[in-house]
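What follows is run.cif (mmCIF, C-alpha atoms).
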data_entry
loop_
_atom_site.label_atom_id
_atom_site.label_comp_id
_atom_site.auth_asym_id
_atom_site.auth_seq_id
_atom_site.Cartn_x
_atom_site.Cartn_y
_atom_site.Cartn_z
CA MET A 25 -57.73 -69.78 -247.24
CA ALA A 26 -56.85 -66.62 -249.15
CA ASP A 27 -60.28 -65.18 -248.30
CA ASP A 28 -59.64 -65.19 -244.54
CA PRO A 29 -58.68 -61.59 -243.62
CA LEU A 30 -57.55 -62.68 -240.17
CA VAL A 31 -54.71 -64.76 -241.54
CA VAL A 32 -53.82 -63.86 -245.11
CA GLY A 33 -53.44 -60.58 -246.91
CA ASN A 34 -52.47 -57.38 -245.21
CA SER A 35 -52.09 -59.05 -241.81
CA THR A 36 -49.58 -61.66 -243.03
CA ASP A 37 -46.06 -61.04 -244.27
CA ALA A 38 -43.64 -63.54 -245.78
CA VAL A 39 -39.92 -63.56 -245.07
CA ILE A 40 -37.52 -65.62 -247.18
CA LEU A 41 -34.00 -66.33 -245.93
CA VAL A 42 -31.72 -66.18 -249.00
CA GLY A 43 -28.42 -65.08 -247.48
CA GLY A 44 -26.44 -68.33 -247.65
CA GLN A 45 -23.38 -68.80 -249.83
CA GLY A 46 -24.44 -72.17 -251.24
CA THR A 47 -20.98 -73.70 -250.82
CA ARG A 48 -22.24 -77.25 -251.39
CA LEU A 49 -23.29 -76.26 -254.91
CA ARG A 50 -20.00 -74.76 -255.98
CA PRO A 51 -18.84 -73.95 -258.57
CA LEU A 52 -22.35 -72.95 -259.72
CA THR A 53 -22.79 -70.50 -256.83
CA MET A 54 -19.59 -68.63 -257.64
CA SER A 55 -21.57 -66.56 -260.15
CA ALA A 56 -25.09 -66.61 -258.67
CA PRO A 57 -26.65 -67.15 -255.23
CA LYS A 58 -28.25 -70.57 -254.83
CA PRO A 59 -31.88 -69.34 -254.85
CA MET A 60 -31.24 -67.76 -258.28
CA LEU A 61 -29.93 -70.92 -259.95
CA PRO A 62 -32.44 -72.23 -262.52
CA VAL A 63 -34.67 -75.11 -261.48
CA ALA A 64 -36.70 -76.37 -264.43
CA GLY A 65 -35.44 -73.28 -266.24
CA LEU A 66 -36.65 -70.67 -263.73
CA PRO A 67 -34.79 -69.18 -260.76
CA PHE A 68 -35.41 -71.50 -257.84
CA LEU A 69 -36.77 -68.59 -255.79
CA GLN A 70 -39.44 -67.90 -258.42
CA HIS A 71 -41.12 -71.23 -257.67
CA LEU A 72 -41.43 -70.27 -254.00
CA LEU A 73 -42.54 -66.69 -254.67
CA THR A 74 -45.29 -67.95 -256.96
CA ARG A 75 -46.54 -70.34 -254.27
CA ILE A 76 -46.58 -67.49 -251.74
CA ALA A 77 -48.60 -65.31 -254.12
CA GLU A 78 -50.99 -68.20 -254.76
CA ALA A 79 -51.61 -68.43 -250.99
CA GLY A 80 -52.77 -64.81 -250.94
CA ILE A 81 -49.72 -63.27 -249.26
CA THR A 82 -48.57 -60.18 -251.12
CA HIS A 83 -45.88 -58.53 -248.97
CA VAL A 84 -42.58 -60.43 -249.05
CA VAL A 85 -39.25 -59.44 -247.50
CA LEU A 86 -36.08 -61.11 -248.76
CA ALA A 87 -33.30 -61.41 -246.17
CA THR A 88 -30.21 -61.25 -248.37
CA SER A 89 -26.45 -61.29 -247.87
CA PHE A 90 -24.33 -63.17 -250.44
CA LYS A 91 -24.56 -61.44 -253.87
CA ALA A 92 -27.52 -59.50 -252.52
CA GLU A 93 -27.86 -57.22 -255.53
CA VAL A 94 -28.76 -60.10 -257.86
CA PHE A 95 -32.21 -60.60 -256.32
CA GLU A 96 -33.46 -57.06 -256.80
CA GLN A 97 -31.94 -56.84 -260.27
CA TYR A 98 -34.04 -59.82 -261.34
CA PHE A 99 -37.31 -59.49 -259.39
CA GLY A 100 -37.46 -55.73 -258.87
CA ASP A 101 -40.49 -54.70 -256.85
CA GLY A 102 -42.24 -58.03 -257.49
CA ALA A 103 -45.15 -56.52 -259.40
CA GLU A 104 -44.85 -59.02 -262.26
CA LEU A 105 -45.57 -61.80 -259.76
CA GLY A 106 -48.38 -59.90 -258.07
CA LEU A 107 -46.19 -59.24 -255.03
CA GLU A 108 -44.65 -56.34 -253.18
CA LEU A 109 -41.01 -57.27 -252.59
CA GLU A 110 -38.64 -55.57 -250.20
CA TYR A 111 -34.99 -56.38 -249.54
CA VAL A 112 -32.90 -56.30 -246.37
CA THR A 113 -29.17 -57.05 -246.63
CA GLU A 114 -27.05 -58.45 -243.79
CA ASN A 115 -23.63 -56.87 -243.66
CA GLU A 116 -22.35 -59.85 -241.68
CA PRO A 117 -23.90 -63.33 -241.36
CA LEU A 118 -26.62 -63.41 -238.72
CA GLY A 119 -27.85 -67.00 -238.95
CA THR A 120 -31.46 -68.04 -239.42
CA GLY A 121 -32.79 -66.34 -236.29
CA GLY A 122 -30.68 -63.24 -236.68
CA GLY A 123 -31.76 -62.95 -240.30
CA ILE A 124 -35.42 -63.05 -239.29
CA ARG A 125 -34.90 -60.46 -236.54
CA ASN A 126 -32.96 -58.23 -238.93
CA VAL A 127 -35.99 -57.69 -241.20
CA LEU A 128 -38.31 -56.70 -238.33
CA PRO A 129 -38.42 -52.98 -239.33
CA LYS A 130 -39.90 -53.98 -242.71
CA LEU A 131 -42.66 -56.19 -241.30
CA ARG A 132 -46.21 -54.88 -241.20
CA GLY A 133 -48.44 -57.74 -240.12
CA ASP A 134 -49.11 -59.61 -236.91
CA THR A 135 -48.48 -62.98 -238.58
CA ILE A 136 -45.13 -63.68 -240.21
CA MET A 137 -44.51 -66.72 -242.41
CA VAL A 138 -40.80 -67.52 -242.73
CA PHE A 139 -39.21 -69.70 -245.40
CA ASN A 140 -35.73 -71.13 -245.84
CA GLY A 141 -34.75 -70.15 -249.36
CA ASP A 142 -33.27 -73.52 -250.31
CA VAL A 143 -36.31 -75.79 -249.87
CA LEU A 144 -38.45 -77.03 -252.75
CA GLY A 145 -41.83 -77.79 -251.26
CA GLY A 146 -45.40 -78.56 -252.15
CA THR A 147 -47.25 -78.03 -248.87
CA ASP A 148 -50.51 -76.09 -248.78
CA LEU A 149 -49.35 -72.80 -247.25
CA GLY A 150 -52.91 -71.86 -246.40
CA ALA A 151 -53.29 -75.05 -244.38
CA VAL A 152 -50.16 -74.20 -242.36
CA LEU A 153 -51.61 -70.76 -241.61
CA ASP A 154 -54.95 -72.36 -240.67
CA THR A 155 -53.19 -74.61 -238.17
CA HIS A 156 -51.42 -71.59 -236.68
CA ALA A 157 -54.67 -69.66 -236.30
CA SER A 158 -56.91 -72.49 -235.10
CA SER A 159 -54.41 -73.68 -232.47
CA ARG A 160 -53.72 -70.10 -231.33
CA ALA A 161 -50.03 -70.91 -231.40
CA ASP A 162 -47.22 -68.48 -230.73
CA VAL A 163 -45.09 -70.21 -233.37
CA THR A 164 -46.03 -72.95 -235.83
CA LEU A 165 -43.51 -75.22 -237.55
CA HIS A 166 -44.16 -77.02 -240.79
CA LEU A 167 -42.99 -80.61 -240.28
CA VAL A 168 -42.62 -83.37 -242.86
CA ARG A 169 -42.13 -87.09 -242.39
CA VAL A 170 -39.00 -88.60 -243.94
CA SER A 171 -37.67 -92.15 -244.10
CA ASP A 172 -34.31 -91.24 -242.50
CA PRO A 173 -34.56 -88.26 -240.14
CA ARG A 174 -31.01 -88.50 -238.76
CA ALA A 175 -29.64 -85.75 -241.02
CA PHE A 176 -32.30 -83.22 -240.04
CA GLY A 177 -33.72 -81.37 -237.09
CA CYS A 178 -36.11 -83.80 -235.40
CA VAL A 179 -39.37 -82.44 -233.90
CA PRO A 180 -41.58 -84.66 -231.71
CA THR A 181 -45.18 -83.55 -231.05
CA ASP A 182 -47.88 -84.64 -228.60
CA GLU A 183 -51.36 -85.94 -229.48
CA SER A 184 -52.63 -82.39 -230.08
CA GLY A 185 -49.78 -81.59 -232.46
CA ARG A 186 -47.97 -79.37 -229.97
CA VAL A 187 -44.18 -79.49 -230.24
CA THR A 188 -42.53 -81.09 -227.21
CA GLU A 189 -38.85 -80.94 -228.20
CA PHE A 190 -36.60 -79.56 -230.91
CA LEU A 191 -33.67 -81.86 -231.47
CA GLU A 192 -30.88 -81.04 -233.91
CA LYS A 193 -29.33 -83.91 -235.87
CA THR A 194 -29.28 -87.06 -233.76
CA GLU A 195 -28.32 -90.68 -234.47
CA ASP A 196 -31.38 -92.08 -232.68
CA PRO A 197 -34.32 -89.79 -233.52
CA PRO A 198 -37.53 -90.43 -231.56
CA THR A 199 -39.76 -89.49 -234.52
CA ASP A 200 -39.67 -89.29 -238.31
CA GLN A 201 -40.95 -85.69 -238.22
CA ILE A 202 -38.38 -83.11 -239.28
CA ASN A 203 -38.14 -79.36 -239.47
CA ALA A 204 -39.17 -78.45 -243.03
CA GLY A 205 -37.81 -74.91 -242.95
CA CYS A 206 -41.14 -73.07 -242.90
CA TYR A 207 -42.34 -71.27 -239.75
CA VAL A 208 -45.20 -69.00 -238.73
CA PHE A 209 -44.49 -66.48 -235.96
CA ARG A 210 -46.65 -64.11 -234.02
CA ARG A 211 -44.87 -60.82 -234.47
CA GLU A 212 -44.05 -60.40 -230.79
CA TYR A 213 -41.97 -63.59 -230.89
CA ILE A 214 -39.78 -62.17 -233.63
CA GLU A 215 -39.35 -59.09 -231.46
CA LYS A 216 -38.00 -61.36 -228.71
CA ILE A 217 -35.13 -62.66 -230.89
CA PRO A 218 -31.84 -60.97 -229.86
CA SER A 219 -30.75 -58.33 -232.36
CA GLY A 220 -27.33 -57.40 -233.68
CA ARG A 221 -25.74 -60.85 -233.45
CA ALA A 222 -25.87 -64.26 -235.07
CA VAL A 223 -28.78 -66.37 -233.81
CA SER A 224 -29.95 -69.84 -234.89
CA VAL A 225 -33.68 -70.52 -234.74
CA GLU A 226 -32.98 -74.24 -234.63
CA ARG A 227 -30.38 -74.25 -231.85
CA GLU A 228 -31.39 -71.21 -229.82
CA VAL A 229 -34.80 -69.67 -230.55
CA PHE A 230 -36.99 -72.77 -230.64
CA PRO A 231 -35.40 -74.54 -227.64
CA VAL A 232 -35.71 -71.33 -225.58
CA LEU A 233 -39.37 -70.88 -226.55
CA LEU A 234 -40.14 -74.44 -225.48
CA ALA A 235 -38.26 -73.99 -222.21
CA GLU A 236 -40.27 -70.83 -221.51
CA GLY A 237 -43.58 -72.58 -222.14
CA ALA A 238 -44.52 -70.87 -225.39
CA HIS A 239 -47.10 -72.63 -227.53
CA VAL A 240 -45.16 -74.08 -230.45
CA GLN A 241 -47.44 -76.03 -232.78
CA GLY A 242 -46.53 -78.55 -235.46
CA HIS A 243 -48.25 -78.76 -238.83
CA VAL A 244 -47.39 -82.24 -240.09
CA ASP A 245 -48.02 -83.44 -243.62
CA ASN A 246 -46.60 -85.71 -246.31
CA SER A 247 -46.24 -83.04 -248.98
CA TYR A 248 -43.37 -82.92 -251.43
CA TRP A 249 -40.22 -81.62 -249.76
CA ARG A 250 -36.55 -81.43 -250.78
CA ASP A 251 -33.57 -79.52 -249.44
CA MET A 252 -31.87 -78.30 -252.63
CA GLY A 253 -28.43 -77.81 -251.10
CA THR A 254 -26.45 -80.51 -252.92
CA PRO A 255 -26.00 -81.20 -256.64
CA GLU A 256 -27.82 -84.52 -256.28
CA ASP A 257 -30.86 -82.91 -254.66
CA PHE A 258 -30.77 -79.94 -257.02
CA ILE A 259 -30.88 -82.24 -260.05
CA ARG A 260 -33.60 -84.44 -258.53
CA GLY A 261 -35.71 -81.44 -257.55
CA SER A 262 -35.47 -79.89 -260.99
CA ALA A 263 -36.43 -83.20 -262.61
CA ASP A 264 -39.36 -83.61 -260.20
CA VAL A 265 -40.73 -80.20 -261.23
CA VAL A 266 -40.38 -81.09 -264.92
CA ARG A 267 -42.14 -84.43 -264.42
CA GLY A 268 -44.90 -82.97 -262.25
CA ILE A 269 -43.85 -84.82 -259.11
CA ALA A 270 -43.10 -81.51 -257.38
CA PRO A 271 -45.91 -78.99 -257.87
CA SER A 272 -45.06 -75.47 -259.04
CA PRO A 273 -47.59 -72.84 -260.12
CA ALA A 274 -44.66 -71.03 -261.78
CA LEU A 275 -44.73 -73.70 -264.52
CA PRO A 276 -48.34 -74.28 -265.53
CA GLY A 277 -49.02 -76.73 -268.31
CA GLN A 278 -48.13 -80.23 -269.32
CA ARG A 279 -45.39 -82.16 -267.57
CA GLY A 280 -43.19 -84.82 -269.11
CA GLU A 281 -39.76 -86.38 -269.44
CA SER A 282 -38.12 -83.15 -270.61
CA LEU A 283 -38.60 -79.41 -270.77
CA VAL A 284 -37.05 -77.44 -273.62
CA HIS A 285 -37.19 -73.68 -273.19
CA SER A 286 -37.63 -71.08 -275.91
CA GLY A 287 -34.66 -70.43 -278.14
CA ALA A 288 -33.09 -73.82 -277.46
CA GLY A 289 -32.18 -76.19 -280.26
CA VAL A 290 -32.44 -79.97 -280.11
CA ALA A 291 -31.14 -81.89 -283.13
CA PRO A 292 -32.97 -84.91 -284.55
CA GLY A 293 -32.02 -88.16 -282.88
CA ALA A 294 -31.18 -86.61 -279.51
CA LEU A 295 -32.80 -88.39 -276.55
CA LEU A 296 -34.08 -86.29 -273.62
CA ILE A 297 -35.48 -88.26 -270.67
CA GLY A 298 -35.56 -88.33 -266.86
CA GLY A 299 -36.83 -84.79 -266.34
CA THR A 300 -34.08 -83.18 -268.41
CA VAL A 301 -34.13 -79.38 -268.76
CA VAL A 302 -32.68 -77.54 -271.76
CA GLY A 303 -32.31 -73.86 -270.98
CA ARG A 304 -32.84 -70.85 -273.23
CA GLY A 305 -30.43 -70.71 -276.12
CA ALA A 306 -28.91 -74.08 -275.22
CA GLU A 307 -28.10 -76.59 -277.96
CA VAL A 308 -28.21 -80.39 -278.03
CA GLY A 309 -26.51 -82.21 -280.90
CA ALA A 310 -27.61 -85.20 -282.92
CA GLY A 311 -27.47 -88.52 -281.09
CA ALA A 312 -26.79 -86.92 -277.71
CA ARG A 313 -28.36 -88.66 -274.72
CA LEU A 314 -29.54 -86.53 -271.79
CA ASP A 315 -31.00 -88.35 -268.78
CA GLY A 316 -31.85 -86.20 -265.76
CA ALA A 317 -29.62 -83.44 -267.14
CA VAL A 318 -29.90 -79.77 -266.21
CA LEU A 319 -28.60 -77.49 -268.97
CA PHE A 320 -28.42 -73.85 -267.98
CA ASP A 321 -29.01 -71.15 -270.59
CA GLY A 322 -26.53 -71.15 -273.45
CA ALA A 323 -25.01 -74.56 -272.69
CA ARG A 324 -24.03 -76.86 -275.56
CA VAL A 325 -24.00 -80.65 -275.65
CA GLU A 326 -22.55 -81.82 -278.95
CA ALA A 327 -23.24 -84.85 -281.10
CA GLY A 328 -23.08 -88.24 -279.45
CA ALA A 329 -22.34 -86.92 -275.95
CA THR A 330 -24.03 -88.41 -272.87
CA VAL A 331 -25.07 -86.32 -269.86
CA GLU A 332 -26.65 -88.16 -266.92
CA ARG A 333 -27.77 -86.66 -263.58
CA SER A 334 -25.49 -83.66 -264.09
CA ILE A 335 -25.63 -79.87 -264.20
CA ILE A 336 -24.09 -78.02 -267.15
CA GLY A 337 -23.50 -74.35 -266.26
CA PHE A 338 -24.25 -71.22 -268.25
CA GLY A 339 -22.48 -71.24 -271.61
CA ALA A 340 -20.52 -74.45 -270.93
CA ARG A 341 -19.71 -76.84 -273.79
CA ILE A 342 -19.68 -80.64 -273.75
CA GLY A 343 -17.77 -81.98 -276.75
CA PRO A 344 -18.72 -84.84 -279.05
CA ARG A 345 -18.95 -88.31 -277.45
CA ALA A 346 -18.03 -86.98 -274.02
CA LEU A 347 -19.55 -88.70 -270.97
CA ILE A 348 -20.76 -86.58 -268.04
CA ARG A 349 -22.30 -88.61 -265.21
CA ASP A 350 -23.12 -87.33 -261.68
CA ALA A 351 -21.01 -84.22 -262.27
CA VAL A 352 -21.20 -80.42 -262.17
CA ILE A 353 -19.73 -78.36 -265.00
CA GLY A 354 -19.09 -74.71 -264.18
CA ASP A 355 -20.13 -71.72 -266.27
CA GLY A 356 -18.21 -71.32 -269.52
CA ALA A 357 -16.16 -74.50 -269.05
CA ASN A 358 -15.18 -76.51 -272.11
CA VAL A 359 -15.14 -80.31 -271.98
CA GLY A 360 -13.36 -81.72 -275.01
CA ALA A 361 -14.46 -84.62 -277.15
CA ARG A 362 -14.42 -88.09 -275.54
CA CYS A 363 -13.65 -86.74 -272.04
CA GLU A 364 -15.27 -88.53 -269.10
CA LEU A 365 -16.29 -86.77 -265.86
CA LEU A 366 -17.93 -89.11 -263.36
CA ASN A 367 -18.97 -89.70 -259.75
CA GLY A 368 -19.15 -86.24 -258.24
CA ALA A 369 -16.57 -84.50 -260.45
CA ARG A 370 -16.81 -80.70 -260.42
CA LEU A 371 -15.24 -78.63 -263.17
CA TRP A 372 -14.59 -74.99 -262.27
CA PRO A 373 -15.82 -72.12 -264.48
CA GLY A 374 -13.81 -71.41 -267.61
CA VAL A 375 -11.63 -74.53 -267.38
CA ASP A 376 -10.72 -75.98 -270.78
CA LEU A 377 -10.25 -79.76 -271.05
CA PRO A 378 -8.70 -80.80 -274.38
CA ASP A 379 -10.14 -83.62 -276.45
CA GLY A 380 -9.59 -86.88 -274.57
CA GLY A 381 -7.83 -84.96 -271.79
CA LEU A 382 -9.61 -86.63 -268.85
CA ARG A 383 -10.93 -90.17 -268.89
CA PHE A 384 -11.83 -92.97 -266.51
CA SER A 385 -11.54 -95.68 -269.12
CA THR A 386 -9.12 -96.57 -271.90
CA ASP A 387 -9.30 -94.48 -275.02
CA VAL A 388 -10.86 -96.45 -277.84
#
Write out the structure in this file as structure tokens.
Amino acid sequence: MADDPLVVGNSTDAVILVGGQGTRLRPLTMSAPKPMLPVAGLPFLQHLLTRIAEAGITHVVLATSFKAEVFEQYFGDGAELGLELEYVTENEPLGTGGGIRNVLPKLRGDTIMVFNGDVLGGTDLGAVLDTHASSRADVTLHLVRVSDPRAFGCVPTDESGRVTEFLEKTEDPPTDQINAGCYVFRREYIEKIPSGRAVSVEREVFPVLLAEGAHVQGHVDNSYWRDMGTPEDFIRGSADVVRGIAPSPALPGQRGESLVHSGAGVAPGALLIGGTVVGRGAEVGAGARLDGAVLFDGARVEAGATVERSIIGFGARIGPRALIRDAVIGDGANVGARCELLNGARLWPGVDLPDGGLRFSTDV
């Protein structure tokens, strides 16, 4: 696919929408935008950028807003990834459509591939571009099949794969095909998006295009796909990358039950399973049990503690024999010995819980 000059290369740009505030992942997003939070130890956005580079697209524009400066500080001009990165910042929220329209002055090609910056995916990007070119579509939508489509935008297609409707969340969806957050536009259709105001591609742009008779094509597959907007999905997505269930060219090499990054320390007798990630400089004490845990850089889990399906923020400490299950611990927080945080608990950055200070069971 990357050898086709009509589709990839200088004639194709990528746009990534990374302007959201990530409120569902607070308190982690109080210090960093969601696409910069580490998934399997690398900024989430790096997994997507590496896939884009692998597909042969080199010019990428990031549509930023919330904590916009963080992206350029980390990725710079993109040369280390073999990319040319540019940045456009929204001064006020413009929505998905408005964000795409806002980067128009930076676009060079006739084909524009747009990505939502909070989706972990494994689709063959070249195949999506092939569908767009071979069907001569005005816009192509990547669609995935899910078991319960009610929480997503539902997109029926006809026998040729052409999109017939674009339905936002509905209780009785007519198909299991959903909007996967990846689109290919002919440039002129981005030019048609109203400028200078908030616009939703899902609620305004796509329905209008269909009403006007534009050719909107669906590219349907069963590739890996996960919206990383909630702690549960963030943890599952990170674990899937570690275990090799979700493909990522950003992490070549062997997959397994855990991934321990350089500079981390894991004491003898600690158990790391379920796709656990131990970030750089993090420490895991003797006898600790980590199952599906995500430890950001510099986090500490001390002897005998248990962390299950939880995120431990940068520099946070989990004291001896503490139990953290289905919880999010903010950056720099301190959880004292024998504390228990369960069932969706979220501890804000810098909070200090004394030994035994919060429990869901009797102290023994």
Under the PyMOL selection byres ((chain A and resi 108-125) around 7), which residues of this model are included? Write them out as a CSV table (one decimal) with C-alpha atoms, in the coordinates of the input.
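Writing the result to expr.csv gives the following:
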chain,number,residue,atom,x,y,z
A,41,LEU,CA,-34.0,-66.3,-245.9
A,82,THR,CA,-48.6,-60.2,-251.1
A,83,HIS,CA,-45.9,-58.5,-249.0
A,84,VAL,CA,-42.6,-60.4,-249.0
A,85,VAL,CA,-39.2,-59.4,-247.5
A,86,LEU,CA,-36.1,-61.1,-248.8
A,87,ALA,CA,-33.3,-61.4,-246.2
A,88,THR,CA,-30.2,-61.2,-248.4
A,89,SER,CA,-26.4,-61.3,-247.9
A,92,ALA,CA,-27.5,-59.5,-252.5
A,101,ASP,CA,-40.5,-54.7,-256.8
A,102,GLY,CA,-42.2,-58.0,-257.5
A,103,ALA,CA,-45.2,-56.5,-259.4
A,107,LEU,CA,-46.2,-59.2,-255.0
A,126,ASN,CA,-33.0,-58.2,-238.9
A,127,VAL,CA,-36.0,-57.7,-241.2
A,128,LEU,CA,-38.3,-56.7,-238.3
A,214,ILE,CA,-39.8,-62.2,-233.6
A,215,GLU,CA,-39.4,-59.1,-231.5
A,217,ILE,CA,-35.1,-62.7,-230.9
A,219,SER,CA,-30.8,-58.3,-232.4
A,221,ARG,CA,-25.7,-60.8,-233.4
A,222,ALA,CA,-25.9,-64.3,-235.1
A,223,VAL,CA,-28.8,-66.4,-233.8
A,224,SER,CA,-30.0,-69.8,-234.9
A,225,VAL,CA,-33.7,-70.5,-234.7
A,229,VAL,CA,-34.8,-69.7,-230.6
For the contact check between segment 225-302 of chain A and segment 176-186 of chain A, emit one row per residue of segment 225-302 of chain A within 10 Å, containing the shortest atom pair and the distance in Å rounded to one decimal, counting only C-alpha atoms, chain then rising number order, as JSON lines.
{"residue": "A:Glu226", "atom": "CA", "partner": "A:Gly177", "partner_atom": "CA", "distance": 7.6}
{"residue": "A:Arg227", "atom": "CA", "partner": "A:Gly177", "partner_atom": "CA", "distance": 9.5}
{"residue": "A:His239", "atom": "CA", "partner": "A:Arg186", "partner_atom": "CA", "distance": 7.2}
{"residue": "A:Val240", "atom": "CA", "partner": "A:Arg186", "partner_atom": "CA", "distance": 6.0}
{"residue": "A:Gln241", "atom": "CA", "partner": "A:Arg186", "partner_atom": "CA", "distance": 4.4}
{"residue": "A:Gly242", "atom": "CA", "partner": "A:Gly185", "partner_atom": "CA", "distance": 5.4}
{"residue": "A:His243", "atom": "CA", "partner": "A:Gly185", "partner_atom": "CA", "distance": 7.1}
{"residue": "A:Val244", "atom": "CA", "partner": "A:Gly185", "partner_atom": "CA", "distance": 8.0}
The PyMOL selection byres ((chain A and resi 307) around 6) applied to the shown file, residues as a PDB file with C-alpha atoms, in the coordinates of the input:
ATOM      1  CA  ALA A 288     -33.090 -73.820-277.460  1.00  0.00           C
ATOM      2  CA  GLY A 289     -32.180 -76.190-280.260  1.00  0.00           C
ATOM      3  CA  VAL A 290     -32.440 -79.970-280.110  1.00  0.00           C
ATOM      4  CA  ALA A 306     -28.910 -74.080-275.220  1.00  0.00           C
ATOM      5  CA  VAL A 308     -28.210 -80.390-278.030  1.00  0.00           C
ATOM      6  CA  ARG A 324     -24.030 -76.860-275.560  1.00  0.00           C
TER       7      ARG A 324
END
* From the set A:Ala291, A:Val352, A:Met54, A:Ala274, which residue has the shortest atom-to-atom contact distance to Phe258 of chain A, counting all atoms listed in the file? ->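 Going through A:Ala291, A:Val352, A:Met54, A:Ala274 one by one, the smallest distance to Phe258 of chain A is for A:Val352.
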* Name all residues at most 10 Å from segment 333-339 of chain A (count only C-alpha atoms; drop same-chain ones fewer than 6 positions away) and give them as a PyMOL selection string. => chain A and resi 51-52+55+61-62+255-256+258-260+263+298-306+314-325+348-358+365-374
Same residues, C-alpha atoms, saved as a short mmCIF file (atom, residue, chain, number, x, y, z; two decimals), in the coordinates of the input:
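To be explicit, this is the file written out as result-v1.cif:
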data_model
loop_
_atom_site.label_atom_id
_atom_site.label_comp_id
_atom_site.auth_asym_id
_atom_site.auth_seq_id
_atom_site.Cartn_x
_atom_site.Cartn_y
_atom_site.Cartn_z
CA PRO A 51 -18.84 -73.95 -258.57
CA LEU A 52 -22.35 -72.95 -259.72
CA SER A 55 -21.57 -66.56 -260.15
CA LEU A 61 -29.93 -70.92 -259.95
CA PRO A 62 -32.44 -72.23 -262.52
CA PRO A 255 -26.00 -81.20 -256.64
CA GLU A 256 -27.82 -84.52 -256.28
CA PHE A 258 -30.77 -79.94 -257.02
CA ILE A 259 -30.88 -82.24 -260.05
CA ARG A 260 -33.60 -84.44 -258.53
CA ALA A 263 -36.43 -83.20 -262.61
CA GLY A 298 -35.56 -88.33 -266.86
CA GLY A 299 -36.83 -84.79 -266.34
CA THR A 300 -34.08 -83.18 -268.41
CA VAL A 301 -34.13 -79.38 -268.76
CA VAL A 302 -32.68 -77.54 -271.76
CA GLY A 303 -32.31 -73.86 -270.98
CA ARG A 304 -32.84 -70.85 -273.23
CA GLY A 305 -30.43 -70.71 -276.12
CA ALA A 306 -28.91 -74.08 -275.22
CA LEU A 314 -29.54 -86.53 -271.79
CA ASP A 315 -31.00 -88.35 -268.78
CA GLY A 316 -31.85 -86.20 -265.76
CA ALA A 317 -29.62 -83.44 -267.14
CA VAL A 318 -29.90 -79.77 -266.21
CA LEU A 319 -28.60 -77.49 -268.97
CA PHE A 320 -28.42 -73.85 -267.98
CA ASP A 321 -29.01 -71.15 -270.59
CA GLY A 322 -26.53 -71.15 -273.45
CA ALA A 323 -25.01 -74.56 -272.69
CA ARG A 324 -24.03 -76.86 -275.56
CA VAL A 325 -24.00 -80.65 -275.65
CA ILE A 348 -20.76 -86.58 -268.04
CA ARG A 349 -22.30 -88.61 -265.21
CA ASP A 350 -23.12 -87.33 -261.68
CA ALA A 351 -21.01 -84.22 -262.27
CA VAL A 352 -21.20 -80.42 -262.17
CA ILE A 353 -19.73 -78.36 -265.00
CA GLY A 354 -19.09 -74.71 -264.18
CA ASP A 355 -20.13 -71.72 -266.27
CA GLY A 356 -18.21 -71.32 -269.52
CA ALA A 357 -16.16 -74.50 -269.05
CA ASN A 358 -15.18 -76.51 -272.11
CA LEU A 365 -16.29 -86.77 -265.86
CA LEU A 366 -17.93 -89.11 -263.36
CA ASN A 367 -18.97 -89.70 -259.75
CA GLY A 368 -19.15 -86.24 -258.24
CA ALA A 369 -16.57 -84.50 -260.45
CA ARG A 370 -16.81 -80.70 -260.42
CA LEU A 371 -15.24 -78.63 -263.17
CA TRP A 372 -14.59 -74.99 -262.27
CA PRO A 373 -15.82 -72.12 -264.48
CA GLY A 374 -13.81 -71.41 -267.61
#
* Pick from A:Leu131, A:Ile136, A:Met60, A:Ala157: nearest to Phe95 of chain A, with all atoms listed in the file counted? ->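 For Phe95 of chain A, the nearest of the given residues is A:Met60.
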